[in-house]
Amino acid sequence: MKVLLIGSGGREHALAAALIQDPSLTELHVAPGNPGIEAIALCHVIDIDDNLAVLHLAKELEIELVVIGPEKPLVNGLADLLRGAGIACFGPSAAAAQLEGSKDFAKKVMSDAGVPTAKSFTCNTRDEIEAALDTFGAPYVVKHDGLAAGKGVVVTDDRNFAIEHALQSSQVVIEEFLDGPEVSLFGISDGRHVIPMQPAQDFKRAYDGELGPNTGGMGAYSPLPWAPSDLIEQTLAQVLNPTIQEMAARGTPFVGLLYAGLAITNKGTKVIEFNARFGDPESQVLLPRLKTPLAQLLFRAATGALIEGEELEWSDESAVTVVLASAGYPTAPVLGEPILGVDPIEGSFVYQAGTNRRDGILRSAGGRVLAVTGMGSDLTEARNRAYRTISAITLRGSHYRSDIALNAAVAEQGN
């Protein structure tokens with residue numbers, strides 16, 4: 001099978017690494033890719049926001065399956081164009097991708113589908129914003145309605161800061177704060193059926209101890225030894241299946257990866273947000289654990305051939321990912337700095353995210369530069385391998401969290 005993967009980040013590097021393990025794969029092409037992906041796939045430098053350029057490349061290469069990694073091409077309708085040309089595509093239509101593209105739309109779908117989520121108000125004026133904030137009280141949760149590259153959400157006790165953030169967008173969703181641990185759970189859908197993946201936990205804050213601003217994600221781990229034993233079954237029944245059925249009933253079936261961000265509250269599991277593609281950095285812990293051949297799985301989803309009740313096969317190993325970020329991230333990342341020491345130790349992977357190669361030197365080209373994943377028989381071994389690898393990498397001014405999966409690993413050792 002000839003596959004074209006769209007994207008250039010750490011998520012796409014992890015996807016590429018998993019796809020090439022599938023024996024059905026004959027060629028893997030990536031557009032535009034990055035220096036890490038270039039080592040395992042054929043990369044093509046094109047503008048992935050140019051739908052016609054992607055279509056032309058897919059036709060030229062006689063691609064059998066296109067996998068769309070980032071959210072922007074999905075919201076821009078790339079999947080619609082590819083399917084219209086008869087090319088199988090893993091990724092939702094522009095209409096279905098509004099589950100990520102609009103927080104207000106996602107709330108309406110959840111309401112109609114009976115999916116448990118936080119109470120909320122959609123606001124367009126300062127008066128509406130202030131009234132909503134006062135209704136729920138602190139901590140204040142403010143979400144820009146559209147795509148914001150992981151930086152459109154603030155959770156703060158500072159009412160003035162919440163108002164300031166809200167006024168940066170023409171429309172915002174303000175909702176009640178959901179207390180309890182957060183979990184990411186993905187479902188792979190063909191528009192009618194959905195297969196759940198294993199849960200992972202992401203760390204959004206920039207610094208240790210959940211301090212600092214929200215980021216696109218500073219690390220993740222899987223599995224979650226502390227999670228309720230029925231979490232997957234419960235999420236499938238109460239969140240994933242109802243959402244997929246509601247989207248189909250609306251005439252906009254969701255084909256692709258439905259990412260459910262969950263809060264496990266004392267009143268049950270509730271949805272914080274939906275995304276319409278593989279999450280980052282959760283993909284960097286989930287994909288190395290997945291034993292089911294990925295290219296075949298995504299092709300069956302793209303062509304409406306998933307089997308109801310189908311289960312994926314997983315490794316028993318644990319995985320921990322730690323993100324190396326540029327100096328100044330997330331507010332003003334410093335770019336163009338040389339990166340040294342990216343060779344992983346045994347049992348670990350280094351996924352390149354924000355990198356390029358200039359003058360023969362690997363350099364930083366984004367806020368989140370690398371995602372280092374350690375594998376092990378338990379979370380402690382996986383953490384040790386991830387941190388041994390990342391500590392040997394040199395990038396001036398860079399920073400990473402030292403507490404990814406720490407509490408879970410300590411608890412696991414105590415059981």
# chains A, B, ... in the order shown; residues from 1 in each chain; ligands from 1
call {"tool": "select_by_dssp", "arguments": {"residues": "segment 146-332 of chain A", "states": "strand (DSSP E)", "output": "number ranges by chain"}}
result
A: 153-156, 172-175, 182-190, 194-196, 201-202, 205-207, 211-214, 219-222, 255-265, 268-275, 318-325
call {"tool": "residues_around", "arguments": {"residues": "segment 65-75 of chain A", "least_positions_apart": "6", "cutoff": "6 Å", "atoms": "only C-alpha atoms", "output": "tab-separated table (two decimals) with C-alpha atoms, in the first residue's frame"}}
result
chain	number	residue	atom	x	y	z
A	3	VAL	CA	0.53	5.97	1.89
A	4	LEU	CA	0.89	9.76	1.98
A	5	LEU	CA	1.11	11.28	5.45
A	6	ILE	CA	0.44	15.00	5.81
A	7	GLY	CA	2.32	16.98	8.48
A	49	ASP	CA	-2.55	24.33	3.31
A	88	ALA	CA	-9.10	7.03	0.45
A	89	CYS	CA	-8.45	9.50	3.27
A	90	PHE	CA	-8.11	9.07	7.02
A	91	GLY	CA	-9.39	12.35	8.39
A	94	ALA	CA	-14.51	20.02	6.93
A	97	ALA	CA	-13.79	18.58	11.71
call {"tool": "atom_distance", "arguments": {"atom1": "atom CA of Glu60 of chain A", "atom2": "atom CA of Thr252 of chain A"}}
result
29.0 Å
call {"tool": "select_by_dssp", "arguments": {"residues": "segment 277-357 of chain A", "states": "alpha helix (DSSP H)", "output": "PyMOL selection string"}}
result
chain A and resi 283-286+294-302
call {"tool": "closest_atom_pairs", "arguments": {"of": "segment 267-342 of chain A", "to": "segment 13-25 of chain A", "cutoff": "6 Å", "atoms": "only C-alpha atoms", "output": "CSV"}}
result
residue,atom,partner,partner_atom,distance
A:Gln284,CA,A:Ala14,CA,5.6
A:Pro293,CA,A:Asp22,CA,4.9
A:Leu294,CA,A:Leu19,CA,5.6
A:Ala295,CA,A:Leu19,CA,5.5
call {"tool": "write_last_selection", "arguments": {"atoms": "N, CA and C atoms", "output": "compact mmCIF listing (two decimals), in the first residue's frame"}}
result
# COMPACT_ATOMS: atom_id res chain seq x y z
N GLN A 284 2.78 9.95 20.79
CA GLN A 284 4.15 9.47 20.96
C GLN A 284 4.27 8.42 22.06
N PRO A 293 -1.37 -3.61 13.02
CA PRO A 293 -0.76 -2.90 11.89
C PRO A 293 -1.53 -1.61 11.56
N LEU A 294 -0.82 -0.47 11.60
CA LEU A 294 -1.50 0.82 11.55
C LEU A 294 -2.02 1.17 10.17
N ALA A 295 -1.25 0.92 9.12
CA ALA A 295 -1.69 1.31 7.77
C ALA A 295 -2.98 0.58 7.39
